Amino acid sequence: MIQVEPENTASAAVARRAGFAPGKHTHGEDGTPLDWYVRDLRVGIR
């Protein structure tokens, strides 16, 4: 999982190019909003 501040569009773009998909929305300990990007690493494993 990758967590990105929603305003950080460059980091979100890197996550998407690396195959991560948008996931949940949370807040950090200091209240900063965070968008999570997830990727299933099991894809393609036999």
# chains A, B, ... in the order shown; residues from 1 in each chain; ligands from 1
call {"tool": "residues_around", "arguments": {"residues": "region 24-30 of chain A", "least_positions_apart": "5", "cutoff": "12 Å", "atoms": "only C-alpha atoms", "output": "list in words"}}
result
Met1, Ile2, Gln3, Val4, Glu5, Pro6, Asp35, Trp36, Tyr37 and Val38 of chain A
call {"tool": "write_last_selection", "arguments": {"atoms": "N, CA and C atoms", "output": "short mmCIF file (atom, residue, chain, number, x, y, z; two decimals), in the first residue's frame"}}
result
data_model
loop_
_atom_site.label_atom_id
_atom_site.label_comp_id
_atom_site.auth_asym_id
_atom_site.auth_seq_id
_atom_site.Cartn_x
_atom_site.Cartn_y
_atom_site.Cartn_z
N MET A 1 0.84 -1.18 0.00
CA MET A 1 0.00 0.00 0.00
C MET A 1 0.89 1.24 0.00
N ILE A 2 0.37 2.26 -0.62
CA ILE A 2 1.03 3.56 -0.66
C ILE A 2 0.03 4.59 -0.14
N GLN A 3 0.49 5.49 0.71
CA GLN A 3 -0.39 6.56 1.15
C GLN A 3 0.13 7.89 0.58
N VAL A 4 -0.81 8.69 0.09
CA VAL A 4 -0.49 9.93 -0.60
C VAL A 4 -1.43 11.02 -0.11
N GLU A 5 -0.89 12.23 0.10
CA GLU A 5 -1.76 13.36 0.39
C GLU A 5 -2.53 13.69 -0.88
N PRO A 6 -3.84 13.91 -0.80
CA PRO A 6 -4.66 14.11 -1.99
C PRO A 6 -4.17 15.23 -2.91
N ASP A 35 -4.91 9.55 0.91
CA ASP A 35 -5.50 8.60 -0.03
C ASP A 35 -4.58 7.39 -0.09
N TRP A 36 -5.15 6.21 -0.01
CA TRP A 36 -4.37 4.98 -0.08
C TRP A 36 -4.47 4.38 -1.47
N TYR A 37 -3.37 3.86 -1.96
CA TYR A 37 -3.33 3.15 -3.24
C TYR A 37 -2.87 1.73 -2.94
N VAL A 38 -3.55 0.77 -3.53
CA VAL A 38 -3.29 -0.65 -3.23
C VAL A 38 -3.00 -1.42 -4.51
#
call {"tool": "select_by_dssp", "arguments": {"residues": "chain A", "states": "strand (DSSP E)", "output": "PDB file with all heavy atoms, in the first residue's frame"}}
result
ATOM      1  N   ILE A   2       0.369   2.262  -0.620  1.00  0.00           N
ATOM      2  CA  ILE A   2       1.027   3.559  -0.664  1.00  0.00           C
ATOM      3  C   ILE A   2       0.034   4.589  -0.143  1.00  0.00           C
ATOM      4  O   ILE A   2      -1.136   4.566  -0.519  1.00  0.00           O
ATOM      5  CB  ILE A   2       1.426   3.924  -2.109  1.00  0.00           C
ATOM      6  CG1 ILE A   2       2.428   2.925  -2.661  1.00  0.00           C
ATOM      7  CG2 ILE A   2       1.983   5.335  -2.169  1.00  0.00           C
ATOM      8  CD1 ILE A   2       2.746   3.130  -4.124  1.00  0.00           C
ATOM      9  N   GLN A   3       0.489   5.488   0.707  1.00  0.00           N
ATOM     10  CA  GLN A   3      -0.389   6.563   1.150  1.00  0.00           C
ATOM     11  C   GLN A   3       0.128   7.887   0.585  1.00  0.00           C
ATOM     12  O   GLN A   3       1.327   8.138   0.569  1.00  0.00           O
ATOM     13  CB  GLN A   3      -0.500   6.621   2.669  1.00  0.00           C
ATOM     14  CG  GLN A   3       0.798   6.796   3.403  1.00  0.00           C
ATOM     15  CD  GLN A   3       0.595   6.725   4.908  1.00  0.00           C
ATOM     16  OE1 GLN A   3      -0.501   6.524   5.397  1.00  0.00           O
ATOM     17  NE2 GLN A   3       1.670   6.898   5.644  1.00  0.00           N
ATOM     18  N   VAL A   4      -0.814   8.687   0.087  1.00  0.00           N
ATOM     19  CA  VAL A   4      -0.488   9.928  -0.598  1.00  0.00           C
ATOM     20  C   VAL A   4      -1.426  11.021  -0.106  1.00  0.00           C
ATOM     21  O   VAL A   4      -2.626  10.787   0.052  1.00  0.00           O
ATOM     22  CB  VAL A   4      -0.674   9.751  -2.125  1.00  0.00           C
ATOM     23  CG1 VAL A   4      -0.456  11.052  -2.864  1.00  0.00           C
ATOM     24  CG2 VAL A   4       0.233   8.671  -2.664  1.00  0.00           C
ATOM     25  N   ALA A  21      -3.971   0.921  -7.449  1.00  0.00           N
ATOM     26  CA  ALA A  21      -5.310   1.460  -7.679  1.00  0.00           C
ATOM     27  C   ALA A  21      -5.755   2.236  -6.445  1.00  0.00           C
ATOM     28  O   ALA A  21      -5.361   1.905  -5.320  1.00  0.00           O
ATOM     29  CB  ALA A  21      -6.287   0.318  -7.937  1.00  0.00           C
ATOM     30  N   PRO A  22      -6.577   3.279  -6.641  1.00  0.00           N
ATOM     31  CA  PRO A  22      -7.074   4.021  -5.481  1.00  0.00           C
ATOM     32  C   PRO A  22      -7.815   3.100  -4.521  1.00  0.00           C
ATOM     33  O   PRO A  22      -8.547   2.208  -4.940  1.00  0.00           O
ATOM     34  CB  PRO A  22      -8.031   5.041  -6.098  1.00  0.00           C
ATOM     35  CG  PRO A  22      -7.601   5.162  -7.517  1.00  0.00           C
ATOM     36  CD  PRO A  22      -7.072   3.810  -7.897  1.00  0.00           C
ATOM     37  N   GLY A  23      -7.585   3.322  -3.248  1.00  0.00           N
ATOM     38  CA  GLY A  23      -8.233   2.519  -2.209  1.00  0.00           C
ATOM     39  C   GLY A  23      -9.001   3.413  -1.253  1.00  0.00           C
ATOM     40  O   GLY A  23      -9.749   4.282  -1.682  1.00  0.00           O
ATOM     41  N   LYS A  24      -8.751   3.242   0.024  1.00  0.00           N
ATOM     42  CA  LYS A  24      -9.506   3.969   1.041  1.00  0.00           C
ATOM     43  C   LYS A  24      -8.958   5.378   1.258  1.00  0.00           C
ATOM     44  O   LYS A  24      -7.862   5.717   0.816  1.00  0.00           O
ATOM     45  CB  LYS A  24      -9.485   3.190   2.358  1.00  0.00           C
ATOM     46  CG  LYS A  24      -8.098   3.021   2.951  1.00  0.00           C
ATOM     47  CD  LYS A  24      -8.140   2.166   4.210  1.00  0.00           C
ATOM     48  CE  LYS A  24      -6.729   1.968   4.744  1.00  0.00           C
ATOM     49  NZ  LYS A  24      -6.734   1.180   5.950  1.00  0.00           N
ATOM     50  N   HIS A  25      -9.759   6.179   1.970  1.00  0.00           N
ATOM     51  CA  HIS A  25      -9.379   7.532   2.349  1.00  0.00           C
ATOM     52  C   HIS A  25      -9.349   7.576   3.872  1.00  0.00           C
ATOM     53  O   HIS A  25     -10.318   7.171   4.516  1.00  0.00           O
ATOM     54  CB  HIS A  25     -10.390   8.549   1.834  1.00  0.00           C
ATOM     55  CG  HIS A  25     -10.617   8.457   0.355  1.00  0.00           C
ATOM     56  ND1 HIS A  25      -9.730   8.950  -0.572  1.00  0.00           N
ATOM     57  CD2 HIS A  25     -11.627   7.921  -0.356  1.00  0.00           C
ATOM     58  CE1 HIS A  25     -10.190   8.718  -1.781  1.00  0.00           C
ATOM     59  NE2 HIS A  25     -11.346   8.077  -1.684  1.00  0.00           N
ATOM     60  N   THR A  26      -8.229   8.030   4.439  1.00  0.00           N
ATOM     61  CA  THR A  26      -8.110   8.119   5.893  1.00  0.00           C
ATOM     62  C   THR A  26      -7.470   9.451   6.264  1.00  0.00           C
ATOM     63  O   THR A  26      -7.257  10.307   5.408  1.00  0.00           O
ATOM     64  CB  THR A  26      -7.236   6.968   6.456  1.00  0.00           C
ATOM     65  OG1 THR A  26      -5.913   7.086   5.920  1.00  0.00           O
ATOM     66  CG2 THR A  26      -7.811   5.608   6.132  1.00  0.00           C
ATOM     67  N   HIS A  27      -7.132   9.588   7.529  1.00  0.00           N
ATOM     68  CA  HIS A  27      -6.410  10.754   8.028  1.00  0.00           C
ATOM     69  C   HIS A  27      -5.205  10.276   8.835  1.00  0.00           C
ATOM     70  O   HIS A  27      -5.298   9.275   9.553  1.00  0.00           O
ATOM     71  CB  HIS A  27      -7.305  11.609   8.924  1.00  0.00           C
ATOM     72  CG  HIS A  27      -8.376  12.316   8.152  1.00  0.00           C
ATOM     73  ND1 HIS A  27      -9.593  11.742   7.867  1.00  0.00           N
ATOM     74  CD2 HIS A  27      -8.395  13.539   7.587  1.00  0.00           C
ATOM     75  CE1 HIS A  27     -10.317  12.584   7.169  1.00  0.00           C
ATOM     76  NE2 HIS A  27      -9.605  13.686   6.974  1.00  0.00           N
ATOM     77  N   PRO A  33      -5.339  14.553   5.607  1.00  0.00           N
ATOM     78  CA  PRO A  33      -6.056  13.568   4.809  1.00  0.00           C
ATOM     79  C   PRO A  33      -5.088  12.745   3.964  1.00  0.00           C
ATOM     80  O   PRO A  33      -4.096  13.270   3.456  1.00  0.00           O
ATOM     81  CB  PRO A  33      -6.985  14.392   3.925  1.00  0.00           C
ATOM     82  CG  PRO A  33      -6.544  15.798   4.039  1.00  0.00           C
ATOM     83  CD  PRO A  33      -5.629  15.919   5.196  1.00  0.00           C
ATOM     84  N   LEU A  34      -5.378  11.465   3.828  1.00  0.00           N
ATOM     85  CA  LEU A  34      -4.532  10.565   3.052  1.00  0.00           C
ATOM     86  C   LEU A  34      -5.375   9.706   2.134  1.00  0.00           C
ATOM     87  O   LEU A  34      -6.435   9.223   2.530  1.00  0.00           O
ATOM     88  CB  LEU A  34      -3.727   9.646   3.990  1.00  0.00           C
ATOM     89  CG  LEU A  34      -2.754  10.325   4.935  1.00  0.00           C
ATOM     90  CD1 LEU A  34      -2.235   9.313   5.951  1.00  0.00           C
ATOM     91  CD2 LEU A  34      -1.611  10.958   4.170  1.00  0.00           C
ATOM     92  N   ASP A  35      -4.910   9.548   0.913  1.00  0.00           N
ATOM     93  CA  ASP A  35      -5.500   8.598  -0.027  1.00  0.00           C
ATOM     94  C   ASP A  35      -4.576   7.394  -0.086  1.00  0.00           C
ATOM     95  O   ASP A  35      -3.363   7.549  -0.180  1.00  0.00           O
ATOM     96  CB  ASP A  35      -5.618   9.202  -1.432  1.00  0.00           C
ATOM     97  CG  ASP A  35      -6.674  10.279  -1.525  1.00  0.00           C
ATOM     98  OD1 ASP A  35      -7.553  10.348  -0.637  1.00  0.00           O
ATOM     99  OD2 ASP A  35      -6.618  11.054  -2.495  1.00  0.00           O
ATOM    100  N   TRP A  36      -5.150   6.215  -0.013  1.00  0.00           N
ATOM    101  CA  TRP A  36      -4.368   4.982  -0.076  1.00  0.00           C
ATOM    102  C   TRP A  36      -4.472   4.381  -1.472  1.00  0.00           C
ATOM    103  O   TRP A  36      -5.541   4.402  -2.081  1.00  0.00           O
ATOM    104  CB  TRP A  36      -4.889   3.979   0.943  1.00  0.00           C
ATOM    105  CG  TRP A  36      -4.531   4.354   2.343  1.00  0.00           C
ATOM    106  CD1 TRP A  36      -5.156   5.279   3.129  1.00  0.00           C
ATOM    107  CD2 TRP A  36      -3.467   3.837   3.118  1.00  0.00           C
ATOM    108  NE1 TRP A  36      -4.541   5.364   4.349  1.00  0.00           N
ATOM    109  CE2 TRP A  36      -3.496   4.475   4.379  1.00  0.00           C
ATOM    110  CE3 TRP A  36      -2.485   2.879   2.882  1.00  0.00           C
ATOM    111  CZ2 TRP A  36      -2.594   4.196   5.385  1.00  0.00           C
ATOM    112  CZ3 TRP A  36      -1.582   2.601   3.888  1.00  0.00           C
ATOM    113  CH2 TRP A  36      -1.644   3.253   5.125  1.00  0.00           C
ATOM    114  N   TYR A  37      -3.373   3.857  -1.956  1.00  0.00           N
ATOM    115  CA  TYR A  37      -3.326   3.152  -3.236  1.00  0.00           C
ATOM    116  C   TYR A  37      -2.870   1.731  -2.935  1.00  0.00           C
ATOM    117  O   TYR A  37      -1.945   1.526  -2.144  1.00  0.00           O
ATOM    118  CB  TYR A  37      -2.366   3.846  -4.203  1.00  0.00           C
ATOM    119  CG  TYR A  37      -2.931   5.161  -4.692  1.00  0.00           C
ATOM    120  CD1 TYR A  37      -2.855   6.299  -3.921  1.00  0.00           C
ATOM    121  CD2 TYR A  37      -3.588   5.229  -5.909  1.00  0.00           C
ATOM    122  CE1 TYR A  37      -3.401   7.498  -4.351  1.00  0.00           C
ATOM    123  CE2 TYR A  37      -4.139   6.424  -6.350  1.00  0.00           C
ATOM    124  CZ  TYR A  37      -4.036   7.556  -5.568  1.00  0.00           C
ATOM    125  OH  TYR A  37      -4.588   8.727  -6.003  1.00  0.00           O
ATOM    126  N   VAL A  38      -3.547   0.767  -3.528  1.00  0.00           N
ATOM    127  CA  VAL A  38      -3.292  -0.648  -3.229  1.00  0.00           C
ATOM    128  C   VAL A  38      -2.995  -1.419  -4.505  1.00  0.00           C
ATOM    129  O   VAL A  38      -3.425  -1.039  -5.599  1.00  0.00           O
ATOM    130  CB  VAL A  38      -4.481  -1.289  -2.491  1.00  0.00           C
ATOM    131  CG1 VAL A  38      -4.694  -0.659  -1.131  1.00  0.00           C
ATOM    132  CG2 VAL A  38      -5.754  -1.183  -3.316  1.00  0.00           C
TER     133      VAL A  38
END
